[in-house]
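Each remark here refers to the structure printed beneath this line.
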Amino acid sequence: PAEAVAAWRAYAETAAPDARVKAEAAAVEVENRDRAAYNDTVAKAREKADRGAYAEAAAFFAALAKGATADVAARCAESEAQLKKAAEEAATAGQAAKREAALKAAREEAAPKALAALRARRYADALKELAGEDVELALERAAVERARTFWQAFLAAARAKAGQDVSLLLAGNKRLAGRLEGVPGEKATLRGPDGALEVPLDQLALDQIAAWTLGKAPDGPACLDAAMFFYAEGRDDLASTYLATAKEKGADVAETERVWRDGLLRAALWAAEKPKPKKTLTK
C-alpha cells in the first residue's frame, strides 16, 4: 500500500488536472483500504488478546505494518506496544497470583505442620515443610536453622560434660544430681546412688538448656539462635529478651525479628491459639 500511494501521488505531481484528481482519488482509496485492513486486524487481535495470546495478537500488527501506509504503520506500532505492555502486566499479575497462592498454601498447610515439627524439635522435618523459592519461606527456614543450630550447640555442650558430676534442672523445678555418663539420642544418662537413670531431654528445664548452651557471655549470633529456639519452644518472653540482647551486641536482627513478629510460623501459632467455635446442638 505505501508504494502504491507513493506512486499515485508521484504521478499526480506531473499529470494533467483531470488525471491528477483521479490519481489522488486512487491514492486515497488505497489508504482507506489499508485503514480498513487495520480495523479488521484489530478485531482479530482482540480475540487473541482476550484469550491471553498477546504475542499472536501482536504478530497480526507486525505483518500488516510491512509495506503499510505511514498512518497504518504508526497505528500498528502503537498497537504492538500496547499489547506488549498488556502482556507484561498480565505476566506480573499472574506471578503475583501464583505467589499469593503458594504463600496461602504455606500459611494454611505447611506452616502448621512445620510448627508441630519445631515443637517436637524435629528441625529437618520443619525445614522440609517450609521448602520453596519464595523469600518469605527462605526467611522462615533461616529461623528454623537458627533454632536447630542452638539445639545442636546444646547437645555438643551436654556431651562434652560426659563423665562429670552434674545437677539437672527439670521442668517443675525438680533437680536430679549424679554423674553424666552420656547423651545418646534424645536422652541423658545420669548415674546416681541408685544406679543409672535415663532422663528425656524434653524434660529438661529451658533454663538448664540455655545455661549449658550459652555460657556467661554469648555473642550476638548465639543470642539470635537462642531467640529462635525459645520462639519454637513457645517462650516468646525469652525470645524477645534474646532478640534484644542480640541487637545490643551488634547483630543484624531485622530478618529474624520479622519472622518472630509476623512470619508464617507466627500465623500458624496464632491460628493454633485461636479459640475454636463451640459446637451447638440442634434438636
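Quick note on naming: the chains in the C-alpha cells go A, B, ... in the order shown, residues restart at 1 in each chain, and ligands are numbered from 1 in order of appearance.
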
* **Those in range 97-179 of chain A with strand (DSSP E) from DSSP, as a ChimeraX atom specification** => /A:165-169,175-179

* range 151-163 of chain A environment, 8 Å, only C-alpha atoms, sequence neighbours closer than 6 positions dropped, as a list in words -> Arg179, Leu180, Glu181, Gly182, Val183, Ile209, Ala210, Trp212, Thr213 and Phe229 of chain A

* To do: Assign secondary structure with DSSP using the backbone only, and return the residues of range 15-210 of chain A in helix (DSSP H, G or I) as a ChimeraX atom specification.
  => /A:17-50,54-65,70-119,123-129,135-160,201-203,206-210

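Within the 8 Å cut-off around Glu198 in chain A, using only C-alpha atoms and omitting residues fewer than 6 positions from it on the same chain, the listed residues are Lys187, Ala188, Thr189 and Leu190 of chain A.
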
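Take the candidates A:Ala126, A:Val42, A:Leu201, A:Ala131 and check each one against Val144 in chain A using only C-alpha atoms; the shortest distance goes to A:Ala126.
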
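Nearest to Lys104 in chain A of all the residues A:Glu136, A:Asp202, A:Asp219, A:Asp50 is A:Glu136, based on only C-alpha atoms.
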
* Given only C-alpha atoms as the counted atoms, nearest of A:Arg99, A:Arg9, A:Arg46, A:Arg119 to Gly132 in chain A -> A:Arg99

* Residues within 12 Å of Glu248 in chain A, only C-alpha atoms, excluding chain neighbours under 6 positions, as a PyMOL selection string -> chain A and resi 218-221+223-224+241-242

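Ranking A:Val259, A:Leu169, A:Leu130, A:Ala143 by their shortest atom-to-atom distance to Ala226 in chain A, with only C-alpha atoms included, puts A:Ala143 first.
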
* **Residue neighbourhood Leu168 in chain A, 7 Å, only C-alpha atoms, exclusion window fewer than 6 positions, as a list in words** => Arg175, Leu176 and Ala177 of chain A

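Atom pair CA of Glu80 in chain A / CA of Ala58 in chain A: separated by 5.1 Å.
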
* Asked: Any idea what's packed within 10 Å of range 83-92 of chain A, counting only C-alpha atoms, ignoring anything in its chain fewer than 5 positions away? Could you give it as a PyMOL selection string?
  -> chain A and resi 45-46+49+52-58+77-78+97-98

For the residues in the current selection, export N, CA, C and O atoms as a PDB file, in the first residue's frame.
ATOM      1  N   ALA A  45      -7.044  -9.365  16.432  1.00  0.00           N
ATOM      2  CA  ALA A  45      -6.084  -9.289  17.535  1.00  0.00           C
ATOM      3  C   ALA A  45      -6.796  -9.273  18.886  1.00  0.00           C
ATOM      4  O   ALA A  45      -6.315  -9.869  19.851  1.00  0.00           O
ATOM      5  N   ARG A  46      -7.955  -8.614  18.946  1.00  0.00           N
ATOM      6  CA  ARG A  46      -8.683  -8.559  20.210  1.00  0.00           C
ATOM      7  C   ARG A  46      -9.118  -9.951  20.653  1.00  0.00           C
ATOM      8  O   ARG A  46      -9.084 -10.269  21.849  1.00  0.00           O
ATOM      9  N   ALA A  49      -6.062 -11.513  22.132  1.00  0.00           N
ATOM     10  CA  ALA A  49      -5.682 -10.880  23.394  1.00  0.00           C
ATOM     11  C   ALA A  49      -6.642 -11.260  24.509  1.00  0.00           C
ATOM     12  O   ALA A  49      -6.235 -11.442  25.661  1.00  0.00           O
ATOM     13  N   GLY A  52      -5.536 -14.179  26.134  1.00  0.00           N
ATOM     14  CA  GLY A  52      -4.200 -14.097  26.710  1.00  0.00           C
ATOM     15  C   GLY A  52      -3.086 -14.360  25.721  1.00  0.00           C
ATOM     16  O   GLY A  52      -1.914 -14.416  26.109  1.00  0.00           O
ATOM     17  N   ALA A  53      -3.423 -14.494  24.430  1.00  0.00           N
ATOM     18  CA  ALA A  53      -2.402 -14.776  23.408  1.00  0.00           C
ATOM     19  C   ALA A  53      -1.883 -13.454  22.844  1.00  0.00           C
ATOM     20  O   ALA A  53      -2.111 -13.117  21.678  1.00  0.00           O
ATOM     21  N   TYR A  54      -1.173 -12.711  23.673  1.00  0.00           N
ATOM     22  CA  TYR A  54      -0.724 -11.366  23.281  1.00  0.00           C
ATOM     23  C   TYR A  54       0.312 -11.406  22.166  1.00  0.00           C
ATOM     24  O   TYR A  54       0.319 -10.537  21.282  1.00  0.00           O
ATOM     25  N   ALA A  55       1.180 -12.376  22.180  1.00  0.00           N
ATOM     26  CA  ALA A  55       2.215 -12.469  21.147  1.00  0.00           C
ATOM     27  C   ALA A  55       1.587 -12.723  19.780  1.00  0.00           C
ATOM     28  O   ALA A  55       1.994 -12.127  18.763  1.00  0.00           O
ATOM     29  N   GLU A  56       0.580 -13.593  19.731  1.00  0.00           N
ATOM     30  CA  GLU A  56      -0.100 -13.871  18.461  1.00  0.00           C
ATOM     31  C   GLU A  56      -0.843 -12.640  17.971  1.00  0.00           C
ATOM     32  O   GLU A  56      -0.874 -12.355  16.767  1.00  0.00           O
ATOM     33  N   ALA A  57      -1.448 -11.909  18.906  1.00  0.00           N
ATOM     34  CA  ALA A  57      -2.156 -10.686  18.533  1.00  0.00           C
ATOM     35  C   ALA A  57      -1.186  -9.659  17.968  1.00  0.00           C
ATOM     36  O   ALA A  57      -1.456  -9.016  16.936  1.00  0.00           O
ATOM     37  N   ALA A  58      -0.035  -9.517  18.606  1.00  0.00           N
ATOM     38  CA  ALA A  58       0.967  -8.557  18.136  1.00  0.00           C
ATOM     39  C   ALA A  58       1.501  -8.943  16.766  1.00  0.00           C
ATOM     40  O   ALA A  58       1.834  -8.069  15.947  1.00  0.00           O
ATOM     41  N   ALA A  77       2.368   0.028  15.112  1.00  0.00           N
ATOM     42  CA  ALA A  77       3.434   0.118  16.117  1.00  0.00           C
ATOM     43  C   ALA A  77       2.854   0.434  17.499  1.00  0.00           C
ATOM     44  O   ALA A  77       3.257  -0.143  18.519  1.00  0.00           O
ATOM     45  N   GLU A  78       1.876   1.328  17.528  1.00  0.00           N
ATOM     46  CA  GLU A  78       1.234   1.687  18.799  1.00  0.00           C
ATOM     47  C   GLU A  78       0.483   0.492  19.385  1.00  0.00           C
ATOM     48  O   GLU A  78       0.556   0.228  20.589  1.00  0.00           O
ATOM     49  N   ALA A  97      -0.326 -13.611  41.563  1.00  0.00           N
ATOM     50  CA  ALA A  97      -1.385 -14.539  41.976  1.00  0.00           C
ATOM     51  C   ALA A  97      -0.798 -15.898  42.348  1.00  0.00           C
ATOM     52  O   ALA A  97      -1.213 -16.525  43.329  1.00  0.00           O
ATOM     53  N   LYS A  98       0.181 -16.345  41.562  1.00  0.00           N
ATOM     54  CA  LYS A  98       0.821 -17.628  41.846  1.00  0.00           C
ATOM     55  C   LYS A  98       1.562 -17.573  43.183  1.00  0.00           C
ATOM     56  O   LYS A  98       1.498 -18.512  43.984  1.00  0.00           O
TER      57      LYS A  98
END

* Asked: Which is closer to Thr245 in chain A than all the others in A:Val199, A:Ala217, A:Ala105, A:Ala4, using only C-alpha atoms?
  -> A:Ala217
